[in-house]
file run.txt (compact mmCIF, C-alpha atoms)
# COMPACT_ATOMS: atom_id res chain seq x y z
CA ASP A 1 0.00 0.00 0.00
CA ALA A 2 1.50 3.33 -1.06
CA ASN A 3 0.19 4.97 2.11
CA THR A 4 1.58 2.36 4.52
CA SER A 5 5.14 2.31 5.86
CA LEU A 6 6.44 -0.89 7.46
CA VAL A 7 9.46 -1.41 9.74
CA ASP A 8 9.58 -5.14 10.46
CA ASN A 9 11.97 -7.81 11.76
CA ASN A 10 15.09 -5.75 12.39
CA ASN A 11 17.79 -5.93 15.07
CA ILE A 12 18.69 -2.35 16.05
CA THR A 13 21.39 -1.81 18.66
CA ASN A 14 23.79 0.83 20.02
CA THR A 15 22.15 3.85 18.35
CA SER A 16 21.00 7.25 19.59
CA TYR A 17 17.43 6.66 18.38
CA GLY A 18 16.49 3.20 17.22
CA ILE A 19 13.78 4.66 14.97
CA LEU A 20 13.23 8.42 14.72
CA VAL A 21 10.26 9.64 12.68
CA GLY A 22 10.12 13.45 12.58
CA ASP A 23 11.28 15.79 15.34
CA SER A 24 10.37 19.19 16.78
CA MET A 25 12.07 20.96 13.87
CA SER A 26 10.50 18.80 11.13
CA PRO A 27 7.45 16.88 12.39
CA VAL A 28 5.69 14.41 10.14
CA LYS A 29 2.82 16.29 8.48
CA VAL A 30 1.34 13.57 6.28
CA SER A 31 -1.46 11.30 7.42
CA GLU A 32 -0.76 7.67 6.61
CA GLU A 33 -0.23 4.32 8.30
CA LEU A 34 3.01 3.33 10.02
CA ASN A 35 3.59 -0.20 11.36
CA ILE A 36 6.60 -1.00 13.56
CA THR A 37 6.53 -4.73 14.27
CA ASN A 38 8.70 -7.67 15.31
CA ASN A 39 11.89 -5.69 15.93
CA LEU A 40 14.56 -6.00 18.62
CA PHE A 41 15.92 -2.75 20.09
CA THR A 42 18.86 -2.69 22.49
CA MET A 43 21.13 -0.07 24.04
CA SER A 44 19.68 3.12 22.50
CA THR A 45 20.99 6.26 24.16
CA GLN A 46 17.71 8.18 23.61
CA TYR A 47 14.40 6.59 22.55
CA ASP A 48 14.16 3.15 21.00
CA VAL A 49 11.20 4.46 18.93
CA TYR A 50 10.20 8.13 18.74
CA VAL A 51 7.40 9.37 16.47
CA TYR A 52 6.76 13.12 16.22
CA GLY A 53 3.93 14.04 13.89
CA ASN A 54 0.54 13.01 12.61
CA TYR A 55 -0.40 9.55 11.42
CA THR A 56 -3.86 8.24 10.64
CA ASP A 57 -2.84 4.90 12.16
CA LEU A 58 0.28 3.97 14.09
CA LEU A 59 0.84 0.36 15.15
CA ILE A 60 3.76 -0.60 17.41
CA GLU A 61 3.41 -4.32 18.06
CA ASP A 62 5.35 -7.45 19.02
CA ASN A 63 8.68 -5.66 19.58
CA GLN A 64 11.38 -6.18 22.21
CA PHE A 65 12.92 -3.09 23.83
CA HIS A 66 15.89 -3.45 26.19
CA ASN A 67 18.26 -1.15 28.03
CA ALA A 68 17.72 2.28 26.48
CA THR A 69 19.22 5.14 28.46
CA ALA A 70 16.06 7.27 28.16
CA SER A 71 12.77 5.77 26.96
CA GLY A 72 11.42 2.83 25.02
CA ILE A 73 8.53 4.30 23.01
CA GLY A 74 7.59 7.96 22.57
CA VAL A 75 4.69 9.35 20.52
CA VAL A 76 3.96 13.09 20.25
CA SER A 77 1.13 14.14 17.91
CA ASP A 78 -1.75 16.60 17.62
CA LEU A 79 -4.06 14.10 15.95
CA GLY A 80 -4.24 10.54 14.74
CA ALA A 81 -4.81 7.22 16.39
CA GLY A 82 -2.67 4.28 17.33
CA ILE A 83 -2.22 0.96 19.06
CA ILE A 84 0.78 -0.09 21.15
CA ASN A 85 0.31 -3.80 21.66
CA ASN A 86 2.16 -6.83 22.99
CA ASN A 87 5.60 -5.30 23.37
CA THR A 88 8.21 -6.21 25.98
CA LEU A 89 10.10 -3.30 27.54
CA HIS A 90 12.91 -3.76 30.06
CA ASN A 91 15.21 -1.28 31.78
CA HIS A 92 14.29 2.25 30.68
CA SER A 93 13.72 5.58 32.39
CA VAL A 94 10.20 5.78 30.90
CA GLY A 95 8.82 2.71 29.17
CA ILE A 96 6.02 4.21 27.03
CA TYR A 97 5.34 7.97 26.66
CA ILE A 98 2.18 9.14 24.88
CA GLN A 99 1.29 12.77 24.12
CA SER A 100 -1.28 12.08 21.43
CA PRO A 101 -5.06 11.47 21.47
CA ASP A 102 -6.95 8.28 20.62
CA TYR A 103 -4.44 5.61 21.63
CA THR A 104 -4.80 2.12 23.03
CA VAL A 105 -1.90 0.72 25.07
CA THR A 106 -2.52 -2.97 25.67
CA GLN A 107 -0.91 -6.29 26.57
CA ASN A 108 2.57 -4.87 27.07
CA THR A 109 5.01 -6.24 29.65
CA ILE A 110 7.14 -3.54 31.27
CA THR A 111 9.83 -4.09 33.89
CA LYS A 112 12.43 -1.86 35.51
CA SER A 113 11.36 1.56 34.24
CA SER A 114 13.22 3.63 36.79
CA SER A 115 10.85 6.62 36.52
CA ILE A 116 7.50 5.66 34.92
CA ALA A 117 6.39 2.58 32.99
CA ILE A 118 3.52 4.25 31.05
CA GLU A 119 3.06 8.03 30.96
CA ILE A 120 0.11 9.79 29.30
CA ARG A 121 0.24 13.60 29.16
CA SER A 122 -2.21 16.28 28.06
CA GLU A 123 -4.39 14.08 25.86
CA SER A 124 -7.82 12.45 25.62
CA ASN A 125 -9.51 9.22 24.60
CA ILE A 126 -6.84 6.82 25.84
CA VAL A 127 -7.27 3.20 26.92
CA VAL A 128 -4.56 1.48 28.98
CA GLU A 129 -5.54 -2.15 29.50
CA ASN A 130 -4.20 -5.65 30.12
CA ASN A 131 -0.61 -4.54 30.72
CA THR A 132 1.80 -6.08 33.25
CA ILE A 133 4.06 -3.60 35.04
CA THR A 134 6.59 -4.54 37.73
CA GLN A 135 9.82 -3.35 39.37
CA SER A 136 9.44 0.24 38.19
CA GLY A 137 9.10 3.64 39.85
CA THR A 138 5.49 4.53 39.00
CA GLY A 139 3.38 2.10 37.01
CA ILE A 140 0.99 4.43 35.15
CA ARG A 141 1.09 8.24 35.26
CA LEU A 142 -1.76 10.40 33.90
CA TYR A 143 -1.22 14.16 33.71
CA MET A 144 -3.81 16.69 32.44
CA THR A 145 -5.83 14.05 30.62
CA THR A 146 -9.52 13.63 29.77
CA ASN A 147 -11.47 10.47 29.07
CA VAL A 148 -8.90 7.85 30.00
CA THR A 149 -9.64 4.28 31.04
CA VAL A 150 -7.11 2.23 33.03
CA GLU A 151 -8.48 -1.30 33.19
CA ASN A 152 -7.43 -4.91 33.83
CA ASN A 153 -3.75 -4.14 34.39
CA THR A 154 -1.44 -5.98 36.77
CA ILE A 155 0.69 -3.34 38.47
CA THR A 156 2.71 -4.76 41.34
CA GLY A 157 6.05 -4.34 43.04
CA ASN A 158 6.67 -0.73 41.99
CA SER A 159 8.50 1.56 44.41
CA LEU A 160 6.36 4.72 44.11
CA ALA A 161 2.76 4.25 42.95
CA GLY A 162 0.76 1.78 40.93
CA VAL A 163 -1.32 4.57 39.34
CA ASN A 164 -0.63 8.29 39.79
CA THR A 165 -2.93 11.00 38.41
CA SER A 166 -2.76 14.81 38.33
CA TYR A 167 -5.34 17.25 36.90
CA VAL A 168 -7.45 14.56 35.25
CA ASN A 169 -11.13 14.46 34.28
CA VAL A 170 -13.43 11.66 33.14
CA THR A 171 -11.02 8.98 34.30
CA THR A 172 -11.95 5.39 35.11
CA ILE A 173 -9.55 3.14 37.05
CA LYS A 174 -11.13 -0.29 37.40
CA ASN A 175 -10.42 -4.01 37.67
CA ASN A 176 -6.67 -3.54 38.21
CA ASN A 177 -4.36 -5.44 40.53
CA LEU A 178 -2.65 -2.59 42.41
CA SER A 179 -0.81 -4.39 45.18
CA SER A 180 2.66 -4.39 46.73
CA ASN A 181 3.59 -0.95 45.41
CA GLY A 182 4.48 2.17 47.42
CA TYR A 183 0.99 3.62 46.94
CA GLY A 184 -1.71 1.61 45.21
CA VAL A 185 -3.28 4.74 43.71
CA TYR A 186 -2.12 8.32 44.29
CA LEU A 187 -4.60 10.95 43.09
CA GLU A 188 -3.73 14.65 43.18
CA HIS A 189 -5.23 17.93 41.94
CA SER A 190 -8.38 16.24 40.64
CA ALA A 191 -11.94 17.30 41.32
CA ARG A 192 -14.04 15.11 43.54
CA THR A 193 -15.88 12.07 42.20
CA GLY A 194 -19.10 13.00 40.41
CA TYR A 195 -17.93 16.51 39.55
CA SER A 196 -15.01 15.45 37.35
CA GLN A 197 -16.36 11.95 36.66
CA ASN A 198 -13.27 10.24 38.04
CA TYR A 199 -14.01 6.73 39.28
CA VAL A 200 -11.88 4.15 41.10
CA TYR A 201 -13.61 0.81 41.65
CA GLN A 202 -13.29 -2.98 41.53
CA ASN A 203 -9.53 -2.78 41.96
CA SER A 204 -7.44 -5.00 44.19
CA LEU A 205 -5.84 -2.44 46.51
CA HIS A 206 -3.84 -4.07 49.29
CA SER A 207 -0.36 -4.81 50.64
CA ASN A 208 1.05 -1.48 49.43
CA THR A 209 3.87 -0.27 51.64
CA VAL A 210 2.81 3.39 52.16
CA LEU A 211 -0.94 3.57 51.52
CA ASP A 212 -3.33 1.55 49.42
CA ALA A 213 -5.04 4.73 48.23
CA TYR A 214 -4.39 8.47 48.63
CA SER A 215 -6.23 11.53 47.34
CA ASP A 216 -5.71 15.20 48.16
CA ARG A 217 -9.38 15.82 47.33
CA ARG A 218 -12.54 14.20 48.61
CA ILE A 219 -12.87 11.06 46.45
CA THR A 220 -15.26 8.16 46.96
CA PHE A 221 -13.59 4.92 45.99
CA ASN A 222 -16.62 3.25 44.49
CA TYR A 223 -19.06 3.51 41.62
CA THR A 224 -22.74 2.87 42.35
CA THR A 225 -22.53 -0.28 44.51
CA LYS A 226 -19.10 -1.35 43.24
CA GLY A 227 -16.20 -0.75 45.60
CA ASN A 228 -12.61 -2.04 45.76
CA TYR A 229 -10.98 -5.06 47.35
CA TRP A 230 -8.86 -3.93 50.31
CA GLY A 231 -7.32 -7.28 51.26
CA ALA A 232 -9.86 -8.61 53.77
CA SER A 233 -12.24 -11.44 53.06
CA SER A 234 -15.01 -9.41 54.72
CA CYS A 235 -14.49 -6.54 52.28
CA PRO A 236 -14.99 -7.80 48.73
CA TYR A 237 -15.85 -5.47 45.86

call {"tool": "encode", "arguments": {"input": "run.txt", "output": "structure tokens"}}
result
Amino acid sequence: DANTSLVDNNNITNTSYGILVGDSMSPVKVSEELNITNNLFTMSTQYDVYVYGNYTDLLIEDNQFHNATASGIGVVSDLGAGIINNNTLHNHSVGIYIQSPDYTVTQNTITKSSSIAIEIRSESNIVVENNTITQSGTGIRLYMTTNVTVENNTITGNSLAGVNTSYVNVTTIKNNNLSSNGYGVYLEHSARTGYSQNYVYQNSLHSNTVLDAYSDRRITFNYTTKGNYWGASSCPY
């Protein structure tokens, strides 16, 4: 297809950027499809994959990312849509960074992101689901986002927080395993439940070393009759 670019089945090692598509001086301005699949990235000094610009469809799938100095995957765009699916990321500062609307981040395995495993900033219509995140700083970080769903993730053994949010609206955090982190969930600078439509329910929130849940605003940790599991058999959802 003349409008589809494919990067597939490569071994890319010891580079500054493994794949660099556009930058702040010359962002991609065309709308087309880009597929990055089945590649092995090791020892990048910046991003393993960095996409700056607008694509109708971006697919990053079935790749292995290991030991980049900075980040594994970075996407910065004003429009477009994409899927980041079934990748393995190990030993980065930030595993996946998204500053683009209409993305699904799913079925990725992320370990040892020293800062943040998945970071979503200043965007809307994002789904983060079915990911496994361990041995990192913060599992998932949402900042100034709208209409984000964090669902069915296993986020355990992270030193800071399982999920951290700041200045978010219309956010749903549900059906996640958020145990054995520093904080299970850490919510800050967000309006109270019902006013901003932020909901936290049906999560497994227990055995976290600091607090299972923290909010600097008045938040109710349930939705209708659905609460969270706090680690006691007498307190199911």

call {"tool": "atom_distance", "arguments": {"input": "run.txt", "atom1": "atom CA of Gln197 of chain A", "atom2": "atom CA of Ser77 of chain A"}}
result
25.7 Å

call {"tool": "atom_distance", "arguments": {"input": "run.txt", "atom1": "atom CA of Glu33 of chain A", "atom2": "atom CA of Leu79 of chain A"}}
result
13.0 Å

call {"tool": "closest_residue", "arguments": {"input": "run.txt", "among": "A:Asn152, A:Thr106, A:Ser190, A:Asn86", "to": "Asn177 of chain A", "atoms": "only C-alpha atoms"}}
result
A:Asn152

call {"tool": "closest_residue", "arguments": {"input": "run.txt", "among": "A:Leu89, A:Asp102, A:Asn9, A:Tyr97", "to": "Asn54 of chain A", "atoms": "all atoms listed in the file"}}
result
A:Asp102

call {"tool": "atom_distance", "arguments": {"input": "run.txt", "atom1": "atom CA of Leu160 of chain A", "atom2": "atom CA of Ser215 of chain A"}}
result
14.7 Å

call {"tool": "closest_residue", "arguments": {"input": "run.txt", "among": "A:Lys174, A:Arg121, A:His66, A:His90", "to": "Gln135 of chain A", "atoms": "only C-alpha atoms"}}
result
A:His90

call {"tool": "closest_residue", "arguments": {"input": "run.txt", "among": "A:Thr171, A:Thr45, A:Asn222, A:Ser207", "to": "Tyr143 of chain A", "atoms": "only C-alpha atoms"}}
result
A:Thr171

call {"tool": "closest_residue", "arguments": {"input": "run.txt", "among": "A:Asp216, A:Leu142, A:Thr132, A:Thr225", "to": "Thr154 of chain A", "atoms": "only C-alpha atoms"}}
result
A:Thr132

call {"tool": "closest_residue", "arguments": {"input": "run.txt", "among": "A:Thr145, A:Ser180, A:Thr15, A:Ser166", "to": "His206 of chain A", "atoms": "all atoms listed in the file"}}
result
A:Ser180

call {"tool": "residues_around", "arguments": {"input": "run.txt", "residues": "Pro101 of chain A", "least_positions_apart": "6", "cutoff": "9 Å", "atoms": "only C-alpha atoms", "output": "JSON, numbers by chain"}}
result
{"A": [77, 78, 79, 80, 81, 82, 122, 123, 124, 125, 126]}

call {"tool": "residues_around", "arguments": {"input": "run.txt", "residues": "Ile133 of chain A", "least_positions_apart": "6", "cutoff": "8 Å", "atoms": "only C-alpha atoms", "output": "list of chain:residue names"}}
result
A:Thr109, A:Ile110, A:Thr111, A:Ala117, A:Gly139, A:Asn153, A:Thr154, A:Ile155, A:Thr156, A:Asn158

call {"tool": "residues_around", "arguments": {"input": "run.txt", "residues": "Asn176 of chain A", "least_positions_apart": "3", "cutoff": "9 Å", "atoms": "only C-alpha atoms", "output": "mmCIF file with C-alpha atoms, in the coordinates of the input"}}
result
data_model
loop_
_atom_site.group_PDB
_atom_site.id
_atom_site.type_symbol
_atom_site.label_atom_id
_atom_site.label_comp_id
_atom_site.auth_asym_id
_atom_site.auth_seq_id
_atom_site.Cartn_x
_atom_site.Cartn_y
_atom_site.Cartn_z
ATOM 1 C CA GLU A 129 -5.540 -2.150 29.500
ATOM 2 C CA ASN A 130 -4.200 -5.650 30.120
ATOM 3 C CA VAL A 150 -7.110 2.230 33.030
ATOM 4 C CA GLU A 151 -8.480 -1.300 33.190
ATOM 5 C CA ASN A 152 -7.430 -4.910 33.830
ATOM 6 C CA ASN A 153 -3.750 -4.140 34.390
ATOM 7 C CA THR A 154 -1.440 -5.980 36.770
ATOM 8 C CA ILE A 155 0.690 -3.340 38.470
ATOM 9 C CA ILE A 173 -9.550 3.140 37.050
ATOM 10 C CA TYR A 201 -13.610 0.810 41.650
ATOM 11 C CA GLN A 202 -13.290 -2.980 41.530
ATOM 12 C CA ASN A 203 -9.530 -2.780 41.960
ATOM 13 C CA SER A 204 -7.440 -5.000 44.190
ATOM 14 C CA LEU A 205 -5.840 -2.440 46.510
#

call {"tool": "residues_around", "arguments": {"input": "run.txt", "residues": "Tyr223 of chain A", "least_positions_apart": "2", "cutoff": "8 Å", "atoms": "only C-alpha atoms", "output": "list in words"}}
result
Tyr199, Val200, Tyr201, Phe221, Thr225, Lys226 and Gly227 of chain A

call {"tool": "build_atoms", "arguments": {"input": "run.txt", "residues": "segment 176-187 of chain A", "atoms": "all heavy atoms", "output": "PDB file, in the coordinates of the input"}}
result
ATOM      1  N   ASN A 176      -8.129  -3.397  38.231  1.00  0.00           N
ATOM      2  CA  ASN A 176      -6.670  -3.540  38.210  1.00  0.00           C
ATOM      3  C   ASN A 176      -6.173  -4.210  39.480  1.00  0.00           C
ATOM      4  O   ASN A 176      -6.758  -4.053  40.555  1.00  0.00           O
ATOM      5  CB  ASN A 176      -6.013  -2.159  38.092  1.00  0.00           C
ATOM      6  CG  ASN A 176      -6.438  -1.412  36.851  1.00  0.00           C
ATOM      7  OD1 ASN A 176      -6.001  -1.711  35.752  1.00  0.00           O
ATOM      8  ND2 ASN A 176      -7.327  -0.433  37.016  1.00  0.00           N
ATOM      9  N   ASN A 177      -5.087  -4.940  39.364  1.00  0.00           N
ATOM     10  CA  ASN A 177      -4.360  -5.440  40.530  1.00  0.00           C
ATOM     11  C   ASN A 177      -3.305  -4.404  40.883  1.00  0.00           C
ATOM     12  O   ASN A 177      -2.299  -4.263  40.178  1.00  0.00           O
ATOM     13  CB  ASN A 177      -3.721  -6.796  40.235  1.00  0.00           C
ATOM     14  CG  ASN A 177      -2.981  -7.360  41.439  1.00  0.00           C
ATOM     15  OD1 ASN A 177      -2.892  -6.727  42.483  1.00  0.00           O
ATOM     16  ND2 ASN A 177      -2.440  -8.557  41.298  1.00  0.00           N
ATOM     17  N   LEU A 178      -3.535  -3.675  41.973  1.00  0.00           N
ATOM     18  CA  LEU A 178      -2.650  -2.590  42.410  1.00  0.00           C
ATOM     19  C   LEU A 178      -2.144  -2.929  43.807  1.00  0.00           C
ATOM     20  O   LEU A 178      -2.531  -2.318  44.790  1.00  0.00           O
ATOM     21  CB  LEU A 178      -3.406  -1.267  42.398  1.00  0.00           C
ATOM     22  CG  LEU A 178      -3.917  -0.803  41.028  1.00  0.00           C
ATOM     23  CD1 LEU A 178      -4.956   0.297  41.173  1.00  0.00           C
ATOM     24  CD2 LEU A 178      -2.756  -0.315  40.170  1.00  0.00           C
ATOM     25  N   SER A 179      -1.277  -3.904  43.884  1.00  0.00           N
ATOM     26  CA  SER A 179      -0.810  -4.390  45.180  1.00  0.00           C
ATOM     27  C   SER A 179       0.711  -4.396  45.232  1.00  0.00           C
ATOM     28  O   SER A 179       1.401  -4.459  44.207  1.00  0.00           O
ATOM     29  CB  SER A 179      -1.355  -5.795  45.459  1.00  0.00           C
ATOM     30  OG  SER A 179      -0.947  -6.699  44.459  1.00  0.00           O
ATOM     31  N   SER A 180       1.215  -4.292  46.464  1.00  0.00           N
ATOM     32  CA  SER A 180       2.660  -4.390  46.730  1.00  0.00           C
ATOM     33  C   SER A 180       3.465  -3.301  46.035  1.00  0.00           C
ATOM     34  O   SER A 180       4.616  -3.515  45.634  1.00  0.00           O
ATOM     35  CB  SER A 180       3.187  -5.781  46.347  1.00  0.00           C
ATOM     36  OG  SER A 180       2.500  -6.789  47.061  1.00  0.00           O
ATOM     37  N   ASN A 181       2.861  -2.127  45.882  1.00  0.00           N
ATOM     38  CA  ASN A 181       3.590  -0.950  45.410  1.00  0.00           C
ATOM     39  C   ASN A 181       3.887  -0.040  46.610  1.00  0.00           C
ATOM     40  O   ASN A 181       3.643  -0.419  47.751  1.00  0.00           O
ATOM     41  CB  ASN A 181       2.730  -0.205  44.393  1.00  0.00           C
ATOM     42  CG  ASN A 181       2.323  -1.082  43.230  1.00  0.00           C
ATOM     43  OD1 ASN A 181       3.143  -1.439  42.398  1.00  0.00           O
ATOM     44  ND2 ASN A 181       1.037  -1.429  43.150  1.00  0.00           N
ATOM     45  N   GLY A 182       4.411   1.173  46.357  1.00  0.00           N
ATOM     46  CA  GLY A 182       4.480   2.170  47.420  1.00  0.00           C
ATOM     47  C   GLY A 182       3.070   2.610  47.783  1.00  0.00           C
ATOM     48  O   GLY A 182       2.541   2.286  48.844  1.00  0.00           O
ATOM     49  N   TYR A 183       2.420   3.334  46.877  1.00  0.00           N
ATOM     50  CA  TYR A 183       0.990   3.620  46.940  1.00  0.00           C
ATOM     51  C   TYR A 183       0.285   2.756  45.898  1.00  0.00           C
ATOM     52  O   TYR A 183       0.803   2.572  44.781  1.00  0.00           O
ATOM     53  CB  TYR A 183       0.707   5.086  46.601  1.00  0.00           C
ATOM     54  CG  TYR A 183       1.173   6.085  47.626  1.00  0.00           C
ATOM     55  CD1 TYR A 183       2.481   6.570  47.604  1.00  0.00           C
ATOM     56  CD2 TYR A 183       0.309   6.575  48.613  1.00  0.00           C
ATOM     57  CE1 TYR A 183       2.919   7.506  48.529  1.00  0.00           C
ATOM     58  CE2 TYR A 183       0.735   7.507  49.541  1.00  0.00           C
ATOM     59  CZ  TYR A 183       2.037   7.966  49.495  1.00  0.00           C
ATOM     60  OH  TYR A 183       2.474   8.891  50.416  1.00  0.00           O
ATOM     61  N   GLY A 184      -0.927   2.281  46.232  1.00  0.00           N
ATOM     62  CA  GLY A 184      -1.710   1.610  45.210  1.00  0.00           C
ATOM     63  C   GLY A 184      -2.162   2.609  44.152  1.00  0.00           C
ATOM     64  O   GLY A 184      -1.833   2.489  42.966  1.00  0.00           O
ATOM     65  N   VAL A 185      -2.929   3.617  44.575  1.00  0.00           N
ATOM     66  CA  VAL A 185      -3.280   4.740  43.710  1.00  0.00           C
ATOM     67  C   VAL A 185      -2.955   6.035  44.454  1.00  0.00           C
ATOM     68  O   VAL A 185      -3.153   6.136  45.660  1.00  0.00           O
ATOM     69  CB  VAL A 185      -4.761   4.736  43.280  1.00  0.00           C
ATOM     70  CG1 VAL A 185      -5.038   3.581  42.337  1.00  0.00           C
ATOM     71  CG2 VAL A 185      -5.684   4.685  44.482  1.00  0.00           C
ATOM     72  N   TYR A 186      -2.463   7.010  43.719  1.00  0.00           N
ATOM     73  CA  TYR A 186      -2.120   8.320  44.290  1.00  0.00           C
ATOM     74  C   TYR A 186      -2.758   9.363  43.377  1.00  0.00           C
ATOM     75  O   TYR A 186      -2.330   9.559  42.232  1.00  0.00           O
ATOM     76  CB  TYR A 186      -0.602   8.494  44.330  1.00  0.00           C
ATOM     77  CG  TYR A 186      -0.124   9.705  45.109  1.00  0.00           C
ATOM     78  CD1 TYR A 186       0.354   9.574  46.406  1.00  0.00           C
ATOM     79  CD2 TYR A 186      -0.138  10.976  44.532  1.00  0.00           C
ATOM     80  CE1 TYR A 186       0.804  10.677  47.120  1.00  0.00           C
ATOM     81  CE2 TYR A 186       0.297  12.084  45.235  1.00  0.00           C
ATOM     82  CZ  TYR A 186       0.772  11.927  46.538  1.00  0.00           C
ATOM     83  OH  TYR A 186       1.212  13.026  47.239  1.00  0.00           O
ATOM     84  N   LEU A 187      -3.811  10.021  43.886  1.00  0.00           N
ATOM     85  CA  LEU A 187      -4.600  10.950  43.090  1.00  0.00           C
ATOM     86  C   LEU A 187      -4.382  12.362  43.612  1.00  0.00           C
ATOM     87  O   LEU A 187      -4.603  12.627  44.792  1.00  0.00           O
ATOM     88  CB  LEU A 187      -6.085  10.595  43.167  1.00  0.00           C
ATOM     89  CG  LEU A 187      -6.437   9.106  42.997  1.00  0.00           C
ATOM     90  CD1 LEU A 187      -7.922   8.891  43.201  1.00  0.00           C
ATOM     91  CD2 LEU A 187      -5.999   8.593  41.635  1.00  0.00           C
TER      92      LEU A 187
END
